[in-house]
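Raw my_file_6.txt, compact mmCIF, C-alpha atoms:
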```
# COMPACT_ATOMS: atom_id res chain seq x y z
CA MET A 13 115.86 34.90 160.06
CA LYS A 14 112.51 33.25 160.72
CA ALA A 15 110.65 35.99 158.84
CA HIS A 16 113.06 35.64 155.94
CA SER A 17 112.56 31.86 155.94
CA VAL A 18 108.77 32.24 155.87
CA PHE A 19 109.06 34.75 153.02
CA GLN A 20 111.18 32.28 151.05
CA GLN A 21 108.76 29.43 151.67
CA ILE A 22 105.74 31.46 150.59
CA PHE A 23 107.02 33.64 147.76
CA MET A 24 109.96 31.70 146.35
CA GLY A 25 108.46 28.24 146.15
CA GLN A 26 108.09 27.13 142.52
CA SER A 27 106.48 23.74 143.10
CA ILE A 28 103.15 22.65 141.66
CA PHE A 29 101.76 22.68 145.21
CA HIS A 30 102.68 26.35 145.64
CA ASN A 31 101.16 27.28 142.28
CA VAL A 32 97.90 25.44 143.00
CA VAL A 33 97.59 27.20 146.37
CA PHE A 34 98.18 30.62 144.81
CA ALA A 35 95.69 29.88 142.03
CA LEU A 36 93.08 28.73 144.57
CA ILE A 37 93.51 31.98 146.54
CA TYR A 38 92.76 33.92 143.37
CA ILE A 39 89.82 31.72 142.32
CA PHE A 40 88.18 31.88 145.77
CA PHE A 41 88.67 35.65 145.77
CA PHE A 42 87.08 35.88 142.33
CA ASP A 43 84.03 33.91 143.52
CA TYR A 44 83.66 36.13 146.59
CA MET A 45 84.09 39.29 144.51
CA TRP A 46 81.49 38.14 142.00
CA GLU A 47 78.94 37.26 144.68
CA ASN A 48 79.41 40.32 146.86
CA PHE A 49 80.31 43.04 144.37
CA GLU A 50 79.68 42.39 140.66
CA SER A 51 76.29 40.69 141.00
CA VAL A 52 75.18 43.33 143.55
CA VAL A 53 76.49 46.62 142.16
CA PHE A 54 75.90 45.73 138.50
CA SER A 55 72.80 43.56 138.76
CA TYR A 56 70.95 46.16 136.67
CA GLU A 57 73.18 45.16 133.74
CA GLY A 58 72.04 41.55 134.02
CA ILE A 59 75.06 40.22 135.93
CA ILE A 60 74.09 37.29 138.15
CA TYR A 61 75.75 34.99 140.66
CA ASN A 62 75.12 31.29 140.09
CA GLY A 63 75.84 29.67 143.42
CA ASP A 64 75.21 26.10 142.26
CA VAL A 65 77.82 24.07 144.19
CA GLU A 66 78.37 21.38 141.55
CA ARG A 67 78.75 23.97 138.81
CA ARG A 68 81.26 25.94 140.87
CA ILE A 69 83.35 22.86 141.68
CA ILE A 70 83.62 22.01 137.97
CA GLY A 71 84.55 25.62 137.21
CA TYR A 72 87.22 25.61 139.93
CA ILE A 73 88.78 22.41 138.59
CA VAL A 74 88.88 23.74 135.03
CA ALA A 75 90.39 27.01 136.26
CA LEU A 76 93.10 25.11 138.19
CA ILE A 77 94.21 22.49 135.65
CA PRO A 78 96.48 24.74 133.52
CA VAL A 79 98.47 25.78 136.61
CA LEU A 80 99.90 22.25 136.72
CA PHE A 81 101.87 23.19 133.60
CA TYR A 82 103.21 26.57 134.76
CA ARG A 83 106.94 26.39 135.52
CA GLY A 84 107.90 29.94 136.40
CA LEU A 85 109.11 32.89 134.35
CA ARG A 86 111.45 31.02 131.98
CA GLN A 87 110.83 32.94 128.76
CA ILE A 88 108.80 35.93 127.62
CA SER A 89 105.87 33.65 126.78
CA SER A 90 105.74 32.60 130.46
CA TRP A 91 105.08 36.21 131.46
CA VAL A 92 102.43 36.78 128.78
CA ALA A 93 100.76 33.42 129.53
CA LEU A 94 100.62 34.29 133.24
CA LEU A 95 98.92 37.62 132.51
CA ILE A 96 96.44 35.84 130.24
CA TYR A 97 95.76 33.29 133.01
CA TYR A 98 95.00 35.89 135.70
CA PHE A 99 93.17 38.48 133.64
CA GLY A 100 91.76 36.38 130.79
CA TYR A 101 91.51 32.65 131.41
CA VAL A 102 90.24 32.56 135.00
CA PRO A 103 87.71 35.38 134.36
CA CYS A 104 86.43 33.58 131.23
CA ILE A 105 86.00 30.31 133.13
CA MET A 106 84.36 32.08 136.06
CA GLY A 107 82.07 33.91 133.65
CA LEU A 108 80.89 30.58 132.27
CA CYS A 109 80.62 29.19 135.79
CA LEU A 110 79.07 32.06 137.76
CA ASP A 111 77.41 34.43 135.28
CA LEU A 112 75.25 31.94 133.37
CA PRO A 113 72.14 30.21 134.76
CA SER A 114 72.35 26.45 135.22
CA SER A 115 69.62 26.05 132.61
CA THR A 116 71.65 27.81 129.90
CA ASN A 117 71.43 26.49 126.35
CA HIS A 118 75.09 27.30 125.68
CA ASP A 119 77.49 24.37 125.47
CA VAL A 120 79.58 25.45 128.45
CA ASN A 121 81.56 22.20 128.62
CA SER A 122 82.92 22.60 125.08
CA TYR A 123 84.25 26.05 125.97
CA TYR A 124 85.73 24.68 129.20
CA ILE A 125 87.68 22.04 127.27
CA VAL A 126 88.95 24.30 124.48
CA LEU A 127 89.92 27.15 126.81
CA CYS A 128 91.65 24.76 129.22
CA PHE A 129 93.78 23.17 126.48
CA ALA A 130 94.58 26.62 125.09
CA GLN A 131 95.88 27.90 128.44
CA ILE A 132 97.89 24.70 128.98
CA PHE A 133 99.64 25.20 125.64
CA PHE A 134 100.25 28.87 126.46
CA PHE A 135 102.12 27.79 129.60
CA LEU A 136 103.99 25.08 127.69
CA SER A 137 105.11 27.54 125.01
CA ASP A 138 108.19 28.37 127.11
CA LYS A 139 109.70 25.05 126.02
CA SER A 140 110.45 26.26 122.51
CA ARG A 141 110.79 29.29 120.28
CA LYS A 142 110.51 30.30 116.63
CA THR A 143 112.97 32.68 115.02
CA ILE A 144 112.97 34.62 111.77
CA ASN A 145 116.50 35.44 110.61
CA ILE A 146 115.80 38.51 108.50
CA SER A 147 118.05 41.01 110.26
CA SER A 148 121.51 41.81 108.94
CA GLU A 149 124.51 41.57 111.24
CA LYS A 150 125.08 45.31 110.99
CA LYS A 151 121.98 46.78 112.57
CA LEU A 152 120.64 50.28 112.03
CA SER A 153 121.15 53.24 114.34
CA LEU A 154 118.51 54.17 116.92
CA ASN A 155 118.51 57.66 115.43
CA ILE A 156 115.95 56.34 112.93
CA LEU A 157 113.55 55.57 115.76
CA TRP A 158 114.13 58.94 117.45
CA PHE A 159 113.44 60.71 114.15
CA VAL A 160 110.16 58.82 113.60
CA THR A 161 109.12 59.53 117.21
CA ILE A 162 109.65 63.28 116.71
CA ILE A 163 107.70 63.28 113.42
CA LEU A 164 104.73 61.38 114.91
CA THR A 165 104.70 63.66 117.97
CA LEU A 166 104.61 66.74 115.73
CA ILE A 167 101.71 65.26 113.75
CA LEU A 168 99.74 64.63 116.95
CA PHE A 169 100.45 68.15 118.18
CA LEU A 170 99.39 69.78 114.90
CA VAL A 171 96.16 67.77 114.72
CA PHE A 172 95.08 68.25 118.36
CA ARG A 173 96.77 71.57 119.24
CA ASN A 174 93.44 73.41 119.54
CA ASN A 175 91.91 70.91 121.95
CA MET A 176 94.61 69.77 124.38
CA ARG A 177 94.29 70.15 128.15
CA PHE A 178 95.22 68.46 131.39
CA ALA A 179 91.69 67.31 132.20
CA GLY A 180 90.56 66.12 135.60
CA PHE A 181 89.29 62.55 135.87
CA GLN A 182 85.71 63.79 135.68
CA GLU A 183 86.41 65.62 132.40
CA ILE A 184 88.47 63.03 130.56
CA TYR A 185 85.46 61.37 128.96
CA THR A 186 84.43 64.67 127.37
CA LEU A 187 87.98 65.18 126.10
CA ARG A 188 88.06 61.64 124.64
CA GLU A 189 84.74 62.10 122.88
CA GLU A 190 85.79 65.44 121.39
CA ASN A 191 89.14 64.23 120.06
CA ALA A 192 88.00 60.74 119.08
CA ASN A 193 85.85 62.33 116.39
CA VAL A 194 88.77 64.11 114.69
CA ASP A 195 88.61 63.10 111.04
CA VAL A 196 92.26 62.81 110.02
CA ALA A 197 93.35 59.73 108.12
CA GLY A 198 95.59 57.43 110.16
CA ILE A 199 95.59 59.60 113.30
CA GLY A 200 94.20 56.74 115.39
CA TYR A 201 97.10 54.50 114.39
CA ILE A 202 99.63 57.23 115.15
CA TYR A 203 98.19 57.83 118.62
CA SER A 204 98.10 54.10 119.35
CA TRP A 205 101.64 53.45 118.10
CA CYS A 206 102.97 56.31 120.23
CA SER A 207 101.13 55.06 123.30
CA SER A 208 102.06 51.39 122.90
CA PHE A 209 105.50 51.47 121.30
CA PHE A 210 107.35 54.74 120.60
CA TYR A 211 106.87 56.51 123.95
CA PRO A 212 107.39 53.32 126.02
CA PHE A 213 110.57 52.75 124.00
CA VAL A 214 111.87 56.21 124.90
CA PHE A 215 111.14 55.62 128.59
CA CYS A 216 112.58 52.08 128.60
CA TYR A 217 115.71 53.29 126.83
CA GLY A 218 116.18 55.79 129.64
CA LEU A 219 115.80 52.97 132.17
CA ILE A 220 118.33 50.61 130.61
CA LYS A 221 120.85 53.42 130.04
CA LYS A 222 120.15 54.95 133.46
CA ASN A 223 119.57 58.20 131.57
CA LYS A 224 117.27 60.40 133.67
CA LYS A 225 116.94 62.93 130.84
CA MET A 226 115.47 60.27 128.51
CA MET A 227 113.19 59.03 131.28
CA LEU A 228 111.94 62.57 131.83
CA ILE A 229 111.34 63.04 128.10
CA GLY A 230 109.46 59.73 127.97
CA GLY A 231 107.34 60.73 130.97
CA LEU A 232 106.50 64.11 129.44
CA LEU A 233 105.51 62.43 126.18
CA PHE A 234 103.00 60.30 128.09
CA VAL A 235 101.63 63.45 129.76
CA PHE A 236 101.29 64.93 126.28
CA LEU A 237 99.24 61.87 125.23
CA PHE A 238 97.03 62.26 128.29
CA MET A 239 96.36 65.87 127.31
CA VAL A 240 95.36 64.67 123.85
CA MET A 241 93.04 61.77 124.64
CA GLY A 242 92.54 61.71 128.40
CA GLN A 243 93.47 58.05 128.79
CA LYS A 244 94.42 57.33 132.40
CA ALA A 245 96.62 54.47 131.20
CA ASP A 246 98.85 57.02 129.43
CA LEU A 247 99.22 59.11 132.57
CA PHE A 248 100.26 56.18 134.76
CA ALA A 249 102.24 54.30 132.10
CA PRO A 250 105.71 55.59 133.16
CA LEU A 251 105.15 54.51 136.76
CA ILE A 252 103.84 51.10 135.71
CA ILE A 253 106.71 50.55 133.26
CA MET A 254 109.31 51.54 135.85
CA VAL A 255 107.86 49.30 138.57
CA LEU A 256 107.60 46.40 136.15
CA TYR A 257 111.16 46.88 134.86
CA TYR A 258 112.70 46.72 138.32
CA ALA A 259 110.34 43.90 139.32
CA PHE A 260 111.62 41.84 136.39
CA LYS A 261 115.23 42.55 137.31
CA TRP A 262 114.49 41.56 140.91
CA GLN A 263 112.71 38.41 139.80
CA GLU A 264 115.66 37.45 137.60
CA ARG A 265 118.02 37.70 140.58
CA THR A 266 115.84 36.15 143.27
CA GLN A 267 113.59 33.78 141.28
CA ILE A 268 110.46 35.01 143.08
CA ASN A 269 107.27 33.17 142.15
CA LEU A 270 105.15 35.80 140.42
CA MET A 271 101.98 33.81 141.07
CA ALA A 272 102.45 34.54 144.76
CA PHE A 273 102.64 38.26 144.17
CA PHE A 274 99.66 38.29 141.80
CA SER A 275 97.41 36.27 144.11
CA VAL A 276 98.52 37.67 147.47
CA GLY A 277 98.75 41.21 146.06
CA ILE A 278 95.27 41.17 144.53
CA PHE A 279 93.87 39.58 147.69
CA ALA A 280 95.49 42.17 149.99
CA VAL A 281 94.32 45.13 147.90
CA SER A 282 90.82 43.63 147.70
CA VAL A 283 90.58 43.31 151.49
CA VAL A 284 91.30 47.03 151.81
CA LEU A 285 88.74 47.85 149.13
CA PHE A 286 86.00 45.69 150.63
CA LEU A 287 86.56 47.30 154.03
CA ASN A 288 85.98 50.69 152.36
CA ILE A 289 83.48 49.66 149.69
CA ASN A 290 80.79 52.00 151.08
CA THR A 291 82.99 55.06 150.56
CA ASP A 292 83.16 56.98 147.28
CA TRP A 293 86.84 56.18 146.70
CA GLY A 294 86.38 52.53 147.67
CA LEU A 295 83.54 52.06 145.20
CA THR A 296 85.41 53.91 142.44
CA VAL A 297 88.66 51.99 142.85
CA GLY A 298 86.75 48.74 143.38
CA SER A 299 84.86 49.23 140.15
CA LEU A 300 88.12 49.91 138.31
CA LEU A 301 89.88 46.84 139.72
CA PHE A 302 87.02 44.36 139.97
CA SER A 303 84.99 45.30 136.88
CA ARG A 304 87.32 46.99 134.41
CA THR A 305 90.45 44.96 135.15
CA ILE A 306 89.66 41.53 136.63
CA GLY A 307 86.00 40.97 135.84
CA VAL A 308 85.69 42.37 132.31
CA SER A 309 86.32 39.05 130.52
CA ALA A 310 83.89 37.30 132.88
CA TYR A 311 80.84 39.43 132.18
CA HIS A 312 81.65 39.53 128.46
CA MET A 313 81.37 35.72 128.16
CA PRO A 314 77.56 35.57 128.43
CA MET A 315 77.22 38.77 126.38
CA TYR A 316 79.14 37.33 123.43
CA LEU A 317 77.57 33.87 123.73
CA ASP A 318 74.05 35.32 123.85
CA PHE A 319 74.60 37.72 120.96
CA PHE A 320 76.17 35.23 118.56
CA ALA A 321 73.66 32.55 119.43
CA LYS A 322 71.09 34.79 117.74
CA ASN A 323 73.21 36.59 115.15
CA PRO A 324 75.63 35.49 112.40
CA TYR A 325 79.30 34.83 113.05
CA THR A 326 81.84 37.11 111.37
CA TYR A 327 84.14 34.30 110.10
CA TYR A 328 87.02 36.74 110.71
CA SER A 329 85.56 39.36 108.41
CA HIS A 330 85.80 41.72 111.41
CA VAL A 331 89.51 41.86 110.57
CA ASN A 332 89.84 44.74 108.09
CA PHE A 333 92.47 43.02 105.98
CA ILE A 334 90.30 39.92 105.53
CA ASN A 335 87.13 41.90 104.93
CA ALA A 336 88.90 43.88 102.22
CA PHE A 337 88.97 40.66 100.20
CA THR A 338 85.74 38.97 101.33
CA ASP A 339 83.43 41.93 102.04
CA MET A 340 81.51 39.56 104.33
CA TYR A 341 81.26 41.59 107.54
CA PRO A 342 77.56 41.30 108.46
CA TYR A 343 77.17 44.31 110.76
CA SER A 344 76.96 48.08 110.42
CA GLU A 345 79.19 48.78 113.42
CA SER A 346 82.13 47.18 115.21
CA ILE A 347 81.69 43.92 117.13
CA GLY A 348 82.02 45.65 120.49
CA LYS A 349 79.22 48.11 119.75
CA MET A 350 76.97 45.43 118.27
CA VAL A 351 77.37 43.12 121.27
CA SER A 352 76.75 45.84 123.87
CA GLU A 353 73.49 46.94 122.20
CA THR A 354 73.60 50.09 124.38
CA GLY A 355 75.83 52.35 122.30
CA SER A 356 78.92 51.59 124.40
CA ASN A 357 81.88 49.62 123.07
CA SER A 358 82.21 46.13 124.58
CA ASN A 359 85.59 45.20 123.16
CA ALA A 360 86.80 41.96 124.69
CA ILE A 361 89.67 39.50 124.97
CA PHE A 362 90.78 37.66 121.80
CA TRP A 363 88.94 34.48 122.86
CA GLN A 364 85.70 36.44 122.60
CA MET A 365 86.35 38.92 119.77
CA ASP A 366 88.38 36.55 117.55
CA GLY A 367 86.90 33.32 118.86
CA ILE A 368 83.22 33.37 119.77
CA ALA A 369 82.49 36.22 117.35
CA ALA A 370 84.31 34.49 114.48
CA CYS A 371 82.74 31.03 114.70
CA GLY A 372 81.94 30.01 118.25
CA VAL A 373 83.94 27.34 120.05
CA ILE A 374 85.79 26.46 116.81
CA GLY A 375 86.86 30.09 116.57
CA VAL A 376 88.18 29.93 120.14
CA ALA A 377 90.34 26.94 119.16
CA LEU A 378 91.59 28.66 115.99
CA ILE A 379 92.58 31.94 117.63
CA SER A 380 94.24 30.00 120.47
CA MET A 381 96.51 28.33 117.91
CA VAL A 382 97.38 31.71 116.43
CA VAL A 383 98.22 33.15 119.87
CA TYR A 384 100.30 30.05 120.69
CA MET A 385 102.41 30.61 117.56
CA PHE A 386 102.73 34.28 118.50
CA LEU A 387 104.13 33.26 121.90
CA LEU A 388 106.71 31.01 120.23
CA TYR A 389 107.89 33.87 118.01
CA LEU A 390 107.89 36.19 121.03
CA ASN A 391 110.33 33.81 122.72
CA GLY A 392 112.56 33.97 119.67
CA LEU A 393 112.57 37.76 119.90
CA SER A 394 114.92 37.85 122.87
CA ASN A 395 117.96 36.35 124.51
CA GLN A 396 119.17 36.55 128.10
CA LYS A 397 120.38 40.13 127.66
CA SER A 398 117.21 41.49 126.06
CA LYS A 399 114.68 39.48 128.08
CA VAL A 400 113.88 42.13 130.71
CA PHE A 401 113.69 44.92 128.12
CA VAL A 402 111.33 43.01 125.80
CA CYS A 403 109.16 41.84 128.74
CA THR A 404 108.78 45.47 129.81
CA MET A 405 108.09 46.73 126.29
CA ILE A 406 105.45 44.07 125.65
CA LEU A 407 103.44 45.04 128.75
CA ILE A 408 101.14 47.66 127.19
CA PRO A 409 100.35 45.59 124.05
CA VAL A 410 99.63 42.55 126.25
CA ILE A 411 97.23 44.58 128.38
CA ALA A 412 95.52 45.53 125.12
CA LEU A 413 95.48 41.86 124.08
CA LEU A 414 93.29 41.19 127.12
CA ASN A 415 90.66 43.63 125.87
CA VAL A 416 90.81 43.78 122.07
CA SER A 417 91.16 41.57 119.03
CA PHE A 418 94.53 39.83 118.61
CA PHE A 419 94.86 41.35 115.15
CA THR A 420 94.23 44.83 116.57
CA THR A 421 97.00 44.20 119.09
CA MET A 422 99.45 43.20 116.38
CA VAL A 423 98.78 46.20 114.13
CA THR A 424 97.11 49.04 116.03
CA LYS A 425 98.99 48.44 119.29
CA GLY A 426 102.29 48.23 117.50
CA VAL A 427 103.50 44.72 118.35
CA PHE A 428 104.86 44.42 114.81
CA LEU A 429 106.92 47.56 115.48
CA LEU A 430 108.55 45.88 118.49
CA PHE A 431 109.51 42.89 116.34
CA LEU A 432 110.98 45.16 113.67
CA ALA A 433 112.89 47.22 116.23
CA VAL A 434 114.52 44.20 117.88
CA TRP A 435 115.41 42.64 114.53
CA PHE A 436 116.79 45.72 112.79
CA LEU A 437 117.87 48.35 115.35
CA LYS A 438 121.00 48.53 117.45
CA ILE A 439 119.44 48.53 120.94
CA PRO A 440 121.59 48.57 124.09
CA TYR A 441 120.60 45.75 126.43
CA GLU A 442 121.58 45.49 130.05
CA ASP A 443 123.47 42.28 130.74
CA GLU A 444 123.84 40.35 133.95
CA THR A 445 126.87 42.40 135.07
CA ASN A 446 125.06 45.72 134.58
CA ASN A 447 127.22 46.52 131.56
CA TYR A 448 125.74 47.47 128.23
CA SER A 449 126.15 45.63 124.99
CA ARG A 450 125.47 46.73 121.43
```
File written out as structure tokens:
Amino acid sequence: MKAHSVFQQIFMGQSIFHNVVFALIYIFFFDYMWENFESVVFSYEGIIYNGDVERRIIGYIVALIPVLFYRGLRQISSWVALLIYYFGYVPCIMGLCLDLPSSTNHDVNSYYIVLCFAQIFFFLSDKSRKTINISSEKKLSLNILWFVTIILTLILFLVFRNNMRFAGFQEIYTLREENANVDVAGIGYIYSWCSSFFYPFVFCYGLIKKNKKMMLIGGLLFVFLFMVMGQKADLFAPLIIMVLYYAFKWQERTQINLMAFFSVGIFAVSVVLFLNINTDWGLTVGSLLFSRTIGVSAYHMPMYLDFFAKNPYTYYSHVNFINAFTDMYPYSESIGKMVSETGSNSNAIFWQMDGIAACGVIGVALISMVVYMFLLYLNGLSNQKSKVFVCTMILIPVIALLNVSFFTTMVTKGVFLLFLAVWFLKIPYEDETNNYSR
């Protein structure tokens, strides 16, 4: 009973005090990780650790303030805003705080203020929703979606049939490079839509219907994608989707504070990694978690600030639709490749790609308003029955949102397809009594 009581006090507390404590655990971990891993292992890439105490205190305060407005997982926007906080907002603030010298010419305080207000409004977006009533009462059969899924899968197979293989993790980069250069119009969109919407839909449908056959088909489709492009995310997607689906159902029943699991979970895994950081597997997994997952938005902050302090803004001409009318894009390659200056592709979170790149701190404010409106419409996409399903389906696009342009997420990652599916298709949703409603 005592253990259960302690568990409840730690993981089920939803007070501001609890949230501040969990946020502080994460922020202190991030500081330690940056000092003892990022700035050491990747110092050759120019990553530094600014240990100025006053600067760090200001950064900590700015990183903490939005948490005062987090009120738990009330709507879909709460879930998305929490992911943005952990893997976007805090890393961006820490990047400004720890990865820039104190003598920097960049107006760090302006970015602090705009980012802080943006994250506050993201958390507050669960108070309201926007709906678009364009769907008829008699929705369309899911057979339409199954048919499209089969057609797109056949197209992928026909295009890549001569270069598909189950590559080991050391070979996947070669496979990606070979197949990324396939010159077939629209094939990139088809691959992305299958990875972010169609195949997750098949797998999620199997989950909500408790249909193991559909789950198996969905899993095999993801394996097929891995054989095409060698993306590790495709291989592990079924496991991640399943864990997340049941975690959401559990959270709905028990009202667990997800901040506790994010902070304590990341901290616990990091302790294990730091104890084994001198081993090959420890360094590999540490690099994946610390650099590619948690730290990516942090080290991109100085990169984007430095590049666009010396080069022209895009004024949103990096968005293909806008550039089709303005023809103003000032660069020969994509933003990510231009910023990296090494031939790699430094795609970044929307605050950087659609904010700093577009027009500096003003761009950050503008794209934050766009994302805020997106969160309101995302809330309007679901009701109590469909909440868990939509939260699960939005996972992969949201992960993309943390590392690509917002407009890329909406189109290339298929978010618009999720909106259309919920509006127009007859989807079975699991209700609170484990029955199914059409």
Contacts of A:Ile105 at 9 Å (only C-alpha atoms; same-chain gap of 5+ positions) as a list in words: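 Near A:Ile105, the qualifying residues are Gly71, Tyr72, Val74, Ala75, Gly100, Leu110, Tyr123, Tyr124, Leu127, Cys128, Ala310 and Met313 of chain A.
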Using Å and a single decimal, report how far atom CA of A:Gly307 sits from atom CA of A:Pro103. 6.0 Å
Nearest-residue call for A:Ile77, choices A:Phe401, A:Phe133, A:Phe386, A:Trp91, using only C-alpha atoms: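 Using only C-alpha atoms, A:Ile77 sits closest to A:Phe133.
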Which residues, written as a PyMOL selection string, have at least one atom at most 9 Å from A:Gly375, with only C-alpha atoms counted and residues fewer than 4 positions away on the same chain left out? chain A and resi 327-328+363-364+366-371+379-380
With all atoms listed in the file as the counted atoms, please give the residues lying no more than 10 Å from stretch 272-275 of chain A, apart from itself and same-chain residues fewer than 4 positions off, as a PyMOL selection string. chain A and resi 22-26+30-31+33-39+41+94-95+98+268+279-280
Find the residue from A:Phe29, A:Phe54, A:Trp435, A:Phe99 that sits nearest to A:Thr305; use all atoms listed in the file when measuring.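 The shortest atom-to-atom distance to A:Thr305 comes from A:Phe99.
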The distance between atom CA of A:Ala377 and atom CA of A:Ser303 is 26.1 Å
For atom CA of A:Gln263 and atom CA of A:Leu300, determine how far apart the two atoms are, in Å to one decimal place. 27.2 Å
Between A:Gly392, A:Ile253, A:Ser204, A:Met239, which one has atoms that come closest to A:Gly218, using all atoms listed in the file?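 Using all atoms listed in the file, A:Gly218 sits closest to A:Ile253.
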Using only C-alpha atoms, which residues sit within 10 Å of A:Ile199 once same-chain residues fewer than 3 positions away are excluded, as a ChimeraX atom specification? /A:164,167-168,171,192,194-196,202-205
Please provide the set of residues having any atom within 7 Å of A:Lys438, restricted to all atoms listed in the file, with same-chain residues fewer than 6 positions apart removed, written as a list in words. Lys151, Leu152, Ser153, Leu154 and Arg450 of chain A
Here's a test: counting only C-alpha atoms, identify every protein, DNA and RNA residue with an atom at most 12 Å from (112.3, 45.3, 115.3) in the file's coordinate frame, and state them as a VMD selection string. chain A and resid 144 to 148 151 to 154 156 to 157 209 to 210 213 390 393 to 394 402 405 426 to 439
Keeping only C-alpha atoms, write those residues as a short mmCIF file (atom, residue, chain, number, x, y, z; two decimals), in the frame of the given file.
```
data_model
loop_
_atom_site.label_atom_id
_atom_site.label_comp_id
_atom_site.auth_asym_id
_atom_site.auth_seq_id
_atom_site.Cartn_x
_atom_site.Cartn_y
_atom_site.Cartn_z
CA ILE A 144 112.97 34.62 111.77
CA ASN A 145 116.50 35.44 110.61
CA ILE A 146 115.80 38.51 108.50
CA SER A 147 118.05 41.01 110.26
CA SER A 148 121.51 41.81 108.94
CA LYS A 151 121.98 46.78 112.57
CA LEU A 152 120.64 50.28 112.03
CA SER A 153 121.15 53.24 114.34
CA LEU A 154 118.51 54.17 116.92
CA ILE A 156 115.95 56.34 112.93
CA LEU A 157 113.55 55.57 115.76
CA PHE A 209 105.50 51.47 121.30
CA PHE A 210 107.35 54.74 120.60
CA PHE A 213 110.57 52.75 124.00
CA LEU A 390 107.89 36.19 121.03
CA LEU A 393 112.57 37.76 119.90
CA SER A 394 114.92 37.85 122.87
CA VAL A 402 111.33 43.01 125.80
CA MET A 405 108.09 46.73 126.29
CA GLY A 426 102.29 48.23 117.50
CA VAL A 427 103.50 44.72 118.35
CA PHE A 428 104.86 44.42 114.81
CA LEU A 429 106.92 47.56 115.48
CA LEU A 430 108.55 45.88 118.49
CA PHE A 431 109.51 42.89 116.34
CA LEU A 432 110.98 45.16 113.67
CA ALA A 433 112.89 47.22 116.23
CA VAL A 434 114.52 44.20 117.88
CA TRP A 435 115.41 42.64 114.53
CA PHE A 436 116.79 45.72 112.79
CA LEU A 437 117.87 48.35 115.35
CA LYS A 438 121.00 48.53 117.45
CA ILE A 439 119.44 48.53 120.94
#
```
